[in-house]
Amino acid sequence: MAIRKLSREDLNYGHVYTLPMEKFPPGEFFPGQERVKSAFDLALKTEKEGYNLYVSGPESVGRTVYALSRLREVSKGKKKPEDICCVNNFENPLRPRYLLLPAGLGRAFAQDIDRAIEALKEEVPKAFESKEYEEELARITKNREVRKEEVTQRLVEEAQKHGLGVVFTPAGIKLLPIVGRRVVPEEEIYSNPRLQEGYERALYEFEEKFRDFLREMRELDHEFSDQILELRGKVASYVVGKVFSRFDDKYGHYQGLKEHLERLKKELSRNVELFLSWHTSRGNLAFQRMLEKSLNAFRVNVLVDNSGLEGAPVVFDEVPTFQSLFGRVFYTVEMGVLYADHMSLSAGSLHRARGGYLILRANDLLKNPLLWDALKKVLMHKKVHMPLHPFEDTFLPVVGISPEPLPADFKVVLIGEPYLYYLLYNYDPEFGRLFKVKAEFDPVVDVGEELIASFPRILRKIVEEEGLKYLSADALSELFKYGVELSGSRKRFNAVFGHIVDVIREAHSLAEGERIEGKHIREAIKKRVFRSNLLEEKLRRWIEEGKLILKLEGEEVGQVNGLSVIELGDYSFGKATRITATVYAGDKGIINIEREVELSGPIHSKGVLILSGYLGRKYGGEVPLHLSCTLTFEQSYDEVEGDSASLAELLAILSAIASVPLKQHIAVTGSVDQLGNLQPVGGIKEKVEGFYKLCKMRGLKGVEGVIVPQRNQDNLLLDEEVLKSLELGEFHIYAVDDVDDAIEVVTGMRARAFHRLVKRRLLEFSKKVVKSGRKKSI
């Protein structure tokens with residue numbers, strides 16, 4: 001047996017800094033997160049499929065900061081990815097093509113194409129107004145006229161042989177009869193039947209030859225048109241080739257780019273009329289805007305320009321949507337239909353992250369399950385399709401532009417809660433294949449030299465980024481102590497720096513000088529508690545008013561003050577509750593009243609059943625157990641859960657059996673096993689401080705205290721006020737190892753003597769039951 005009365009020296013915790021914050025250089029550290037570092041090392045060195053990262057941990061533990069820091073550090077040593085340009089697919093304009101060009105070349109290429117188009121606006125009209133073009137056009141025209149005249153002359157001669165004259169009218173060529181040397185008008189023909197008969201006969205005989213002449217004249221017209229088109233094409237090709245000649249050396253050795261330039265020059269030559277129309281429509285802004293839209297077909301849309309990068313891109317999409325991830329199409333309304341071309345496309349995060357890293361918050365991503373499914377398809381098929389929206393084709397009347405898929409080459413880092421990782425791993429069949437590496441942050445790390453040395457440097461970086469006042473040495477000590485307190489163990493530290501930073505912000509508003517002092521930190525923490533402890537104060541008031549019955553003086557048989565914790569989310573506090581037990585001879589065993597009325601949780605019910613095991617082991621070997629016992633939490637109207645009251649319940653039962661009173665100024669907490677050993681429990685700090693506040697409210701007399709398991713000593717991170725009371729001997733904490741230790745504290749008796757009384761009483765119960773049984777049998 002070992003009963004330790006804990007002193008202040010036993011319960012001191014934290015670290016005392018002797019230098020103010022400005023003496024420490026700022027830094028970004030993540031002490032105690034070796035598991036995370038190892039996971040990142042593996043994922044960043046493995047280029048195989050599926051080695052994406054899921055960064056797990058609570059909010060504000062540094063998941064995003066660490067991920068961005070590591071990825072930016074690694075990305076500097078990686079090659080810049082190509083620029084992504086989108087160009088028109090002249091064979092299928094609804095299926096634009098991508099060009100992947102070396103970083104920085106995309107913007108230069110697009111600017112060169114724009115300059116070339118502007119140059120063509122000037123050079124094409126000049127070429128078609130040049131003396132050479134006019135002369136060649138005149139030669140072709142003259143040649144046509146000469147040949148046409150020859151055909152016409154032959155037509156006239158052949159017609160005259162058949163007695164017909166050729167008359168050219170705006171409606172075409174007419175054949176009329178010749179009488180003498182005069183061409184007879186149509187009115188005179190139909191007034192003379194004989195003349196009409198001869199005319200119709202001549203037409204019939206000459207009809208076939210006449211058609212041959214007409215066919216020959218049409219062929220001359222077609223030949224002329226072809227010659228004009230050929231001339232225009234040669235001129236256009238010459239001008240386009242001249243303008244683009246300087247690009248051959250600059251871009252000719254890029255295979256994909258060379259092919260596009262050849263297609264582009266052909267299309268520009270075919271559409272030279274656009275540049276001629278531009279020249280003739282000067283001053284007509286509306287028409288020029290329409291022409292400019294047509295000229296967009298030849299321009300280059302630079303979706304991603306990586307010229308400004310120092311390595312691989314690191315993209316953090318804070319609000320992922322279909323448009324932010326997969327890009328957007330900017331439609332314009334034409335004739336009631338939404339229209340777009342390749343210049344209407346804008347890049348998404350998946351395009352910008354190509355060749356690098358993409359960071360997403362899992363919770364935001366999964367709010368849209370269709371988006372999550374779309375991202376998985378990208379990772380599985382290694383292709384980015386754009387546009388990609390689940391309802392676009394269903395609800396919008398659009399011209400369905402759909403670029404060719406872009407090869408996907410990036411690593412995804414998902415940031416989320418631990419529970420979300422396990423949900424996805426167990427219920428999403430593709431998740432484990434796509435996210436093979438988990439980097440899990442430990443929210444509670446060991447207190448060591450690394451942490452102590454890096455703590456001020458971490459805080460200085462945060463303070464300087466947020467423009468807060470520097471911290472004094474005392475303030476650093478108080479904040480470190482607060483971090484240890486949040487961890488729940490003097491050997492640990494809560495690495496969720498968001499809580500600590502909130503305290504610094506609030507202390508900043510309280511500090512009037514140049515620095516934040518320790519008193520400002522303590523006041524900020526105190527105010528945080530005050531904003532949340534309304535229910536705690538009301539419960540203490542009800543105890544003070546006697547509405548909640550709680551005895552803190554004297555001794556009582558079968559009654560003990562147990563301790564529980566009430567958790568409100570942002571605040572938790574300890575609450576003292578009377579636990580009472582009554583016993584009598586019988587065979588019902590321990591009746592858990594909470595369980596009978598379904599107010600006992602499964603763990604609490606298990607704890608009560610363990611008490612039966614303890615009684616059987618401790619006394620059943622020597623005394624027949626004929627015991628009926630009722631056990632309850634008095635004035636408890638909510639479900640009771642947990643086994644931290646099992647020691648208090650056992651003491652109440654044993655007190656009732658032995659008829660030995662228990663000290664009411666001693667509260668009890670601890671879990672018991674069937675062998676009588678005390679096991680550690682949660683919320684030990686809140687329980688001790690809660691009972692201390694009650695005793696202080698009633699007036700400390702120097703005898704009040706709490707029994708706690710010895711194994712919980714590291715968890716006793718008590719408030720300075722409680723520690724001072726311990727130092728003055730106003731309040732006491734007894735750390736015990738087993739039930740016998742607790743018995744001696746609450747009864748003042750030796751455990752062996754107490755157990756003899758219990759056995760004696762159990763023997764009396766047994767005799768009564770046996771005697772009662774004999775009477776019934778008679």
# chains A, B, ... in the order shown; residues from 1 in each chain; ligands from 1

$ residues_around --residues "Glu123 of chain A" --least-positions-apart "4" --cutoff "9 Å" --atoms "only C-alpha atoms" --output "MDAnalysis selection string"
chainID A and resid 118:119 127:128 239:240 243 275

$ write_last_selection --atoms "all heavy atoms" --output "mmCIF file, in the first residue's frame"
data_model
loop_
_atom_site.group_PDB
_atom_site.id
_atom_site.type_symbol
_atom_site.label_atom_id
_atom_site.label_comp_id
_atom_site.auth_asym_id
_atom_site.auth_seq_id
_atom_site.Cartn_x
_atom_site.Cartn_y
_atom_site.Cartn_z
ATOM 1 N N GLU A 118 -1.964 41.580 -86.284
ATOM 2 C CA GLU A 118 -2.004 43.030 -86.494
ATOM 3 C C GLU A 118 -1.215 43.415 -87.744
ATOM 4 O O GLU A 118 -1.616 44.316 -88.487
ATOM 5 C CB GLU A 118 -1.438 43.745 -85.260
ATOM 6 C CG GLU A 118 -2.279 43.575 -83.998
ATOM 7 C CD GLU A 118 -3.693 44.054 -84.185
ATOM 8 O OE1 GLU A 118 -3.876 45.150 -84.778
ATOM 9 O OE2 GLU A 118 -4.630 43.347 -83.768
ATOM 10 N N ALA A 119 -0.087 42.734 -87.953
ATOM 11 C CA ALA A 119 0.707 43.030 -89.156
ATOM 12 C C ALA A 119 -0.059 42.665 -90.422
ATOM 13 O O ALA A 119 0.004 43.392 -91.440
ATOM 14 C CB ALA A 119 2.031 42.266 -89.091
ATOM 15 N N ALA A 127 -0.746 44.374 -100.119
ATOM 16 C CA ALA A 127 -0.402 43.412 -101.172
ATOM 17 C C ALA A 127 -1.466 43.365 -102.258
ATOM 18 O O ALA A 127 -1.154 43.254 -103.458
ATOM 19 C CB ALA A 127 -0.201 42.024 -100.561
ATOM 20 N N PHE A 128 -2.742 43.475 -101.867
ATOM 21 C CA PHE A 128 -3.822 43.397 -102.849
ATOM 22 C C PHE A 128 -4.066 44.734 -103.547
ATOM 23 O O PHE A 128 -4.886 44.816 -104.456
ATOM 24 C CB PHE A 128 -5.105 42.897 -102.184
ATOM 25 C CG PHE A 128 -5.123 41.413 -101.981
ATOM 26 C CD1 PHE A 128 -4.621 40.841 -100.819
ATOM 27 C CD2 PHE A 128 -5.596 40.576 -102.956
ATOM 28 C CE1 PHE A 128 -4.619 39.475 -100.632
ATOM 29 C CE2 PHE A 128 -5.603 39.202 -102.787
ATOM 30 C CZ PHE A 128 -5.105 38.640 -101.627
ATOM 31 N N VAL A 239 2.191 36.851 -98.404
ATOM 32 C CA VAL A 239 2.148 37.840 -97.309
ATOM 33 C C VAL A 239 2.222 37.122 -95.952
ATOM 34 O O VAL A 239 2.977 37.526 -95.066
ATOM 35 C CB VAL A 239 0.873 38.694 -97.398
ATOM 36 C CG1 VAL A 239 0.786 39.640 -96.210
ATOM 37 C CG2 VAL A 239 0.859 39.467 -98.694
ATOM 38 N N VAL A 240 1.420 36.056 -95.812
ATOM 39 C CA VAL A 240 1.421 35.321 -94.549
ATOM 40 C C VAL A 240 2.797 34.718 -94.288
ATOM 41 O O VAL A 240 3.333 34.783 -93.175
ATOM 42 C CB VAL A 240 0.335 34.215 -94.548
ATOM 43 C CG1 VAL A 240 0.489 33.311 -93.334
ATOM 44 C CG2 VAL A 240 -1.050 34.838 -94.573
ATOM 45 N N VAL A 243 5.184 37.440 -93.187
ATOM 46 C CA VAL A 243 4.963 37.878 -91.794
ATOM 47 C C VAL A 243 5.436 36.813 -90.809
ATOM 48 O O VAL A 243 6.022 37.112 -89.769
ATOM 49 C CB VAL A 243 3.475 38.206 -91.574
ATOM 50 C CG1 VAL A 243 3.197 38.434 -90.088
ATOM 51 C CG2 VAL A 243 3.080 39.428 -92.383
ATOM 52 N N PHE A 275 -9.043 40.155 -93.447
ATOM 53 C CA PHE A 275 -8.136 41.296 -93.325
ATOM 54 C C PHE A 275 -8.476 42.375 -94.340
ATOM 55 O O PHE A 275 -8.317 43.573 -94.071
ATOM 56 C CB PHE A 275 -6.686 40.818 -93.511
ATOM 57 C CG PHE A 275 -6.278 39.794 -92.480
ATOM 58 C CD1 PHE A 275 -6.273 38.443 -92.793
ATOM 59 C CD2 PHE A 275 -5.922 40.184 -91.211
ATOM 60 C CE1 PHE A 275 -5.896 37.505 -91.858
ATOM 61 C CE2 PHE A 275 -5.546 39.248 -90.260
ATOM 62 C CZ PHE A 275 -5.547 37.905 -90.578
#

$ select_by_dssp --residues "segment 109-347 of chain A" --states "strand (DSSP E or B)" --output "CSV table (one decimal) with all heavy atoms, in the first residue's frame"
chain,number,residue,atom,x,y,z
A,164,LEU,N,-29.4,32.5,-138.0
A,164,LEU,CA,-29.7,33.0,-136.7
A,164,LEU,C,-28.7,34.1,-136.4
A,164,LEU,O,-27.6,34.0,-136.7
A,164,LEU,CB,-29.7,31.9,-135.7
A,164,LEU,CG,-30.7,30.8,-135.8
A,164,LEU,CD1,-30.5,29.7,-134.8
A,164,LEU,CD2,-32.2,31.3,-135.6
A,165,GLY,N,-29.3,35.1,-135.7
A,165,GLY,CA,-28.4,36.2,-135.2
A,165,GLY,C,-28.3,36.1,-133.7
A,165,GLY,O,-29.2,35.7,-133.0
A,166,VAL,N,-27.1,36.5,-133.2
A,166,VAL,CA,-26.8,36.4,-131.7
A,166,VAL,C,-27.0,37.8,-131.1
A,166,VAL,O,-26.4,38.8,-131.6
A,166,VAL,CB,-25.4,35.9,-131.4
A,166,VAL,CG1,-25.2,35.9,-129.9
A,166,VAL,CG2,-25.2,34.6,-132.1
A,167,VAL,N,-27.9,37.9,-130.1
A,167,VAL,CA,-28.2,39.1,-129.4
A,167,VAL,C,-27.9,39.0,-127.9
A,167,VAL,O,-28.4,38.0,-127.3
A,167,VAL,CB,-29.7,39.5,-129.6
A,167,VAL,CG1,-30.0,40.8,-128.9
A,167,VAL,CG2,-30.1,39.6,-131.1
A,168,PHE,N,-27.1,39.9,-127.4
A,168,PHE,CA,-26.7,39.8,-126.0
A,168,PHE,C,-27.6,40.8,-125.2
A,168,PHE,O,-27.7,42.0,-125.5
A,168,PHE,CB,-25.2,40.2,-125.8
A,168,PHE,CG,-24.3,39.3,-126.4
A,168,PHE,CD1,-23.8,39.4,-127.7
A,168,PHE,CD2,-23.8,38.2,-125.7
A,168,PHE,CE1,-22.9,38.5,-128.3
A,168,PHE,CE2,-22.9,37.2,-126.3
A,168,PHE,CZ,-22.5,37.4,-127.6
A,169,THR,N,-28.3,40.3,-124.2
A,169,THR,CA,-29.2,41.0,-123.4
A,169,THR,C,-28.8,40.9,-121.9
A,169,THR,O,-28.0,39.9,-121.6
A,169,THR,CB,-30.6,40.6,-123.5
A,169,THR,OG1,-30.8,39.2,-123.0
A,169,THR,CG2,-31.0,40.5,-125.0
A,172,GLY,N,-29.2,37.4,-120.8
A,172,GLY,CA,-28.5,36.3,-121.4
A,172,GLY,C,-28.4,36.5,-122.9
A,172,GLY,O,-28.6,37.6,-123.4
A,173,ILE,N,-28.1,35.4,-123.6
A,173,ILE,CA,-27.9,35.4,-125.0
A,173,ILE,C,-29.2,34.9,-125.7
A,173,ILE,O,-29.8,33.9,-125.2
A,173,ILE,CB,-26.8,34.4,-125.4
A,173,ILE,CG1,-25.4,34.9,-124.8
A,173,ILE,CG2,-26.6,34.4,-126.9
A,173,ILE,CD1,-24.3,34.0,-125.1
A,174,LYS,N,-29.7,35.6,-126.7
A,174,LYS,CA,-30.8,35.3,-127.5
A,174,LYS,C,-30.5,35.0,-128.9
A,174,LYS,O,-29.6,35.7,-129.5
A,174,LYS,CB,-31.9,36.4,-127.4
A,174,LYS,CG,-32.6,36.5,-126.1
A,174,LYS,CD,-33.8,37.5,-126.3
A,174,LYS,CE,-34.6,37.5,-125.0
A,174,LYS,NZ,-35.8,38.4,-125.1
A,175,LEU,N,-31.1,34.0,-129.5
A,175,LEU,CA,-30.9,33.7,-130.9
A,175,LEU,C,-32.2,34.1,-131.7
A,175,LEU,O,-33.3,33.6,-131.3
A,175,LEU,CB,-30.7,32.2,-131.1
A,175,LEU,CG,-29.4,31.7,-130.5
A,175,LEU,CD1,-29.3,30.2,-130.7
A,175,LEU,CD2,-28.2,32.3,-131.1
A,176,LEU,N,-32.1,35.0,-132.6
A,176,LEU,CA,-33.2,35.5,-133.4
A,176,LEU,C,-32.9,35.2,-134.9
A,176,LEU,O,-31.8,35.2,-135.3
A,176,LEU,CB,-33.5,36.9,-133.1
A,176,LEU,CG,-33.8,37.3,-131.7
A,176,LEU,CD1,-33.9,38.8,-131.5
A,176,LEU,CD2,-35.2,36.6,-131.3
A,177,PRO,N,-34.0,35.1,-135.7
A,177,PRO,CA,-33.8,34.8,-137.2
A,177,PRO,C,-33.3,36.1,-137.9
A,177,PRO,O,-33.5,37.2,-137.5
A,177,PRO,CB,-35.2,34.4,-137.6
A,177,PRO,CG,-36.1,35.1,-136.7
A,177,PRO,CD,-35.4,35.1,-135.4
A,178,ILE,N,-32.5,35.8,-139.0
A,178,ILE,CA,-32.0,36.9,-139.8
A,178,ILE,C,-32.7,36.8,-141.2
A,178,ILE,O,-32.7,35.7,-141.8
A,178,ILE,CB,-30.5,36.7,-140.0
A,178,ILE,CG1,-29.8,36.9,-138.7
A,178,ILE,CG2,-30.0,37.8,-141.0
A,178,ILE,CD1,-28.3,36.6,-138.8
A,179,VAL,N,-33.4,37.9,-141.6
A,179,VAL,CA,-34.0,38.0,-142.9
A,179,VAL,C,-33.3,39.1,-143.6
A,179,VAL,O,-33.3,40.3,-143.2
A,179,VAL,CB,-35.5,38.3,-142.7
A,179,VAL,CG1,-36.2,38.4,-144.1
A,179,VAL,CG2,-36.2,37.2,-141.9
A,182,ARG,N,-31.1,41.7,-141.7
A,182,ARG,CA,-31.7,42.3,-140.6
A,182,ARG,C,-32.1,41.2,-139.6
A,182,ARG,O,-32.7,40.2,-140.0
A,182,ARG,CB,-32.9,43.1,-141.0
A,182,ARG,CG,-33.7,43.8,-139.9
A,182,ARG,CD,-34.8,44.6,-140.5
A,182,ARG,NE,-35.8,43.8,-141.0
A,182,ARG,CZ,-36.9,43.3,-140.3
A,182,ARG,NH1,-37.0,43.5,-139.0
A,182,ARG,NH2,-37.8,42.5,-140.9
A,183,VAL,N,-31.9,41.4,-138.3
A,183,VAL,CA,-32.3,40.5,-137.2
A,183,VAL,C,-33.8,40.9,-136.9
A,183,VAL,O,-34.1,42.0,-136.6
A,183,VAL,CB,-31.5,40.7,-135.9
A,183,VAL,CG1,-32.0,39.8,-134.8
A,183,VAL,CG2,-30.0,40.4,-136.2
A,301,ASN,N,-4.7,31.1,-76.7
A,301,ASN,CA,-5.1,31.4,-75.3
A,301,ASN,C,-4.2,30.7,-74.3
A,301,ASN,O,-4.1,29.5,-74.3
A,301,ASN,CB,-6.5,30.8,-75.1
A,301,ASN,CG,-7.1,31.0,-73.7
A,301,ASN,OD1,-6.5,31.7,-72.9
A,301,ASN,ND2,-8.3,30.5,-73.4
A,302,VAL,N,-3.4,31.6,-73.6
A,302,VAL,CA,-2.4,31.0,-72.7
A,302,VAL,C,-3.2,30.7,-71.4
A,302,VAL,O,-3.5,31.6,-70.6
A,302,VAL,CB,-1.3,32.0,-72.4
A,302,VAL,CG1,-0.2,31.4,-71.5
A,302,VAL,CG2,-0.6,32.4,-73.7
A,303,LEU,N,-3.5,29.5,-71.2
A,303,LEU,CA,-4.2,29.1,-69.9
A,303,LEU,C,-3.3,29.1,-68.7
A,303,LEU,O,-3.8,29.6,-67.7
A,303,LEU,CB,-4.8,27.6,-70.1
A,303,LEU,CG,-5.9,27.4,-71.1
A,303,LEU,CD1,-6.2,26.0,-71.2
A,303,LEU,CD2,-7.1,28.2,-70.7
A,304,VAL,N,-2.1,28.7,-68.8
A,304,VAL,CA,-1.2,28.7,-67.6
A,304,VAL,C,0.2,29.2,-68.1
A,304,VAL,O,0.8,28.7,-69.0
A,304,VAL,CB,-1.0,27.3,-67.1
A,304,VAL,CG1,0.0,27.3,-65.9
A,304,VAL,CG2,-2.4,26.7,-66.6
A,314,VAL,N,3.0,25.1,-56.6
A,314,VAL,CA,2.3,24.6,-55.4
A,314,VAL,C,1.0,25.4,-55.3
A,314,VAL,O,1.0,26.6,-55.0
A,314,VAL,CB,3.1,24.8,-54.1
A,314,VAL,CG1,2.3,24.3,-52.9
A,314,VAL,CG2,4.4,24.0,-54.2
A,315,VAL,N,-0.2,24.7,-55.6
A,315,VAL,CA,-1.5,25.4,-55.7
A,315,VAL,C,-2.3,24.9,-54.5
A,315,VAL,O,-2.5,23.7,-54.3
A,315,VAL,CB,-2.2,25.0,-57.0
A,315,VAL,CG1,-3.5,25.7,-57.1
A,315,VAL,CG2,-1.3,25.4,-58.2
A,316,PHE,N,-2.9,25.9,-53.8
A,316,PHE,CA,-3.8,25.6,-52.7
A,316,PHE,C,-5.1,26.2,-53.0
A,316,PHE,O,-5.3,27.4,-53.0
A,316,PHE,CB,-3.2,26.2,-51.4
A,316,PHE,CG,-4.1,26.0,-50.2
A,316,PHE,CD1,-5.0,24.9,-50.1
A,316,PHE,CD2,-4.2,26.9,-49.1
A,316,PHE,CE1,-5.8,24.7,-49.0
A,316,PHE,CE2,-5.0,26.8,-48.0
A,316,PHE,CZ,-5.8,25.7,-48.0
A,317,ASP,N,-6.1,25.3,-53.4
A,317,ASP,CA,-7.4,25.7,-53.7
A,317,ASP,C,-8.2,25.7,-52.4
A,317,ASP,O,-8.7,24.7,-51.9
A,317,ASP,CB,-8.0,24.7,-54.7
A,317,ASP,CG,-9.2,25.3,-55.4
A,317,ASP,OD1,-10.0,26.1,-54.8
A,317,ASP,OD2,-9.5,25.0,-56.6
A,328,ARG,N,-13.0,27.1,-66.3
A,328,ARG,CA,-14.3,27.8,-66.6
A,328,ARG,C,-14.4,28.1,-68.1
A,328,ARG,O,-13.4,28.5,-68.7
A,328,ARG,CB,-14.5,29.0,-65.7
A,328,ARG,CG,-15.8,29.7,-65.8
A,328,ARG,CD,-15.9,30.8,-64.8
A,328,ARG,NE,-17.2,31.5,-64.9
A,328,ARG,CZ,-17.6,32.5,-64.1
A,328,ARG,NH1,-16.7,32.9,-63.2
A,328,ARG,NH2,-18.8,33.0,-64.2
A,329,VAL,N,-15.7,28.1,-68.6
A,329,VAL,CA,-15.9,28.5,-69.9
A,329,VAL,C,-16.8,29.8,-69.8
A,329,VAL,O,-17.9,29.7,-69.2
A,329,VAL,CB,-16.7,27.4,-70.7
A,329,VAL,CG1,-16.9,27.9,-72.2
A,329,VAL,CG2,-15.9,26.1,-70.8
A,332,THR,N,-20.9,33.5,-74.3
A,332,THR,CA,-21.7,34.7,-74.8
A,332,THR,C,-22.9,34.3,-75.4
A,332,THR,O,-23.0,33.2,-76.0
A,332,THR,CB,-20.8,35.5,-75.8
A,332,THR,OG1,-20.4,34.7,-76.9
A,332,THR,CG2,-19.6,36.1,-75.1
A,333,VAL,N,-23.9,35.1,-75.4
A,333,VAL,CA,-25.3,34.8,-76.0
A,333,VAL,C,-25.3,35.2,-77.4
A,333,VAL,O,-25.1,36.4,-77.7
A,333,VAL,CB,-26.4,35.4,-75.2
A,333,VAL,CG1,-27.8,35.1,-75.7
A,333,VAL,CG2,-26.3,35.0,-73.7
A,334,GLU,N,-25.6,34.2,-78.3
A,334,GLU,CA,-25.8,34.5,-79.7
A,334,GLU,C,-27.0,33.8,-80.2
A,334,GLU,O,-27.1,32.6,-80.1
A,334,GLU,CB,-24.5,34.0,-80.5
A,334,GLU,CG,-23.3,34.8,-80.2
A,334,GLU,CD,-22.1,34.4,-81.1
A,334,GLU,OE1,-22.4,33.6,-82.0
A,334,GLU,OE2,-21.0,34.9,-80.9
A,337,VAL,N,-28.5,31.3,-77.9
A,337,VAL,CA,-27.7,30.1,-77.5
A,337,VAL,C,-26.4,30.6,-76.9
A,337,VAL,O,-25.8,31.6,-77.4
A,337,VAL,CB,-27.4,29.3,-78.8
A,337,VAL,CG1,-26.5,28.1,-78.4
A,337,VAL,CG2,-28.7,28.7,-79.4
A,338,LEU,N,-26.0,29.9,-75.9
A,338,LEU,CA,-24.7,30.2,-75.3
A,338,LEU,C,-23.5,29.7,-76.1
A,338,LEU,O,-23.5,28.5,-76.4
A,338,LEU,CB,-24.6,29.6,-73.9
A,338,LEU,CG,-25.6,30.2,-72.8
A,338,LEU,CD1,-25.4,29.5,-71.5
A,338,LEU,CD2,-25.4,31.7,-72.7
A,339,TYR,N,-22.6,30.6,-76.5
A,339,TYR,CA,-21.6,30.2,-77.5
A,339,TYR,C,-20.2,30.5,-76.8
A,339,TYR,O,-20.1,31.4,-76.0
A,339,TYR,CB,-21.7,31.0,-78.8
A,339,TYR,CG,-20.6,30.8,-79.7
A,339,TYR,CD1,-20.5,29.7,-80.6
A,339,TYR,CD2,-19.5,31.7,-79.8
A,339,TYR,CE1,-19.5,29.5,-81.4
A,339,TYR,CE2,-18.5,31.5,-80.7
A,339,TYR,CZ,-18.4,30.4,-81.5
A,339,TYR,OH,-17.4,30.2,-82.3
A,345,LEU,N,-12.0,30.0,-72.7
A,345,LEU,CA,-11.6,29.0,-71.6
A,345,LEU,C,-10.6,29.7,-70.6
A,345,LEU,O,-9.7,30.5,-71.0
A,345,LEU,CB,-10.9,27.8,-72.2
A,345,LEU,CG,-11.7,27.0,-73.3
A,345,LEU,CD1,-10.9,25.9,-73.8
A,345,LEU,CD2,-13.0,26.5,-72.7
A,346,SER,N,-10.8,29.4,-69.4
A,346,SER,CA,-9.8,29.8,-68.3
A,346,SER,C,-9.4,28.6,-67.5
A,346,SER,O,-10.2,27.6,-67.3
A,346,SER,CB,-10.4,30.9,-67.4
A,346,SER,OG,-11.5,30.3,-66.6

$ residues_around --residues "segment 193-202 of chain A" --least-positions-apart "2" --cutoff "10 Å" --atoms "only C-alpha atoms" --output "count of residues only"
20

$ closest_residue --among "A:Glu158, A:Arg144, A:Gly50, A:Ile610" --to "Asp409 of chain A" --atoms "only C-alpha atoms"
A:Gly50

$ closest_residue --among "A:His499, A:Lys234, A:His260, A:Lys250" --to "Gly62 of chain A" --atoms "only C-alpha atoms"
A:His499

$ select_by_dssp --residues "segment 309-545 of chain A" --states "alpha helix (DSSP H)" --output "ChimeraX atom specification"
/A:322-326,349-352,362-366,369-381,392-395,418-427,431-434,449-466,473-487,497-510,518-532,534-544

$ atom_distance --atom1 "atom CA of Leu651 of chain A" --atom2 "atom CA of Ile743 of chain A"
7.1 Å

$ residues_around --residues "Lys527 of chain A" --least-positions-apart "6" --cutoff "12 Å" --atoms "only C-alpha atoms" --output "PyMOL selection string"
chain A and resi 503+506-507+510+520-521+533

$ closest_residue --among "A:Lys519, A:Arg578, A:Lys481, A:Arg211" --to "Ile666 of chain A" --atoms "only C-alpha atoms"
A:Arg578

$ closest_residue --among "A:Ala347, A:Leu358, A:Val660, A:Ile3" --to "Asp740 of chain A" --atoms "only C-alpha atoms"
A:Ile3

$ closest_residue --among "A:Ile653, A:Met343, A:Leu44, A:Lys575" --to "Phe330 of chain A" --atoms "only C-alpha atoms"
A:Met343

$ closest_residue --among "A:Val74, A:Val384, A:Leu716, A:Leu6" --to "Glu310 of chain A" --atoms "only C-alpha atoms"
A:Val74

$ residues_around --residues "Arg457 of chain A" --least-positions-apart "6" --cutoff "7 Å" --atoms "only C-alpha atoms" --output "ChimeraX atom specification"
/A:24-27

$ residues_around --residues "segment 589-595 of chain A" --least-positions-apart "2" --cutoff "7 Å" --atoms "only C-alpha atoms" --output "list in words"
Asp587, Val597, Glu598, Leu599, Ser600, Ser605, Ser612, Leu627, Ser628, Cys629, Thr630, Leu631 and Thr632 of chain A

$ atom_distance --atom1 "atom CA of Pro125 of chain A" --atom2 "atom CA of Asp249 of chain A"
26.5 Å

$ residues_around --residues "Met749 of chain A" --least-positions-apart "5" --cutoff "12 Å" --atoms "only C-alpha atoms" --output "ChimeraX atom specification"
/A:655,658,660-663,740-744,754-757

$ closest_atom_pairs --of "segment 214-284 of chain A" --to "segment 90-99 of chain A" --cutoff "12 Å" --atoms "only C-alpha atoms" --output "tab-separated table"
residue	atom	partner	partner_atom	distance
A:Tyr254	CA	A:Leu99	CA	10.3
A:Gln255	CA	A:Leu99	CA	10.3
A:Gly256	CA	A:Leu99	CA	7.0
A:Leu257	CA	A:Leu99	CA	7.2
A:Lys258	CA	A:Leu99	CA	10.8
A:Glu259	CA	A:Leu99	CA	10.6
A:His260	CA	A:Leu99	CA	8.8
A:Leu261	CA	A:Leu99	CA	11.5
A:Glu262	CA	A:Phe90	CA	11.7
A:Arg263	CA	A:Phe90	CA	7.9
A:Leu264	CA	A:Phe90	CA	8.4
A:Lys265	CA	A:Phe90	CA	11.4
A:Lys266	CA	A:Phe90	CA	10.1
A:Glu267	CA	A:Phe90	CA	7.7
A:Leu268	CA	A:Phe90	CA	10.8
A:Arg270	CA	A:Phe90	CA	11.6
A:Asn271	CA	A:Phe90	CA	11.9
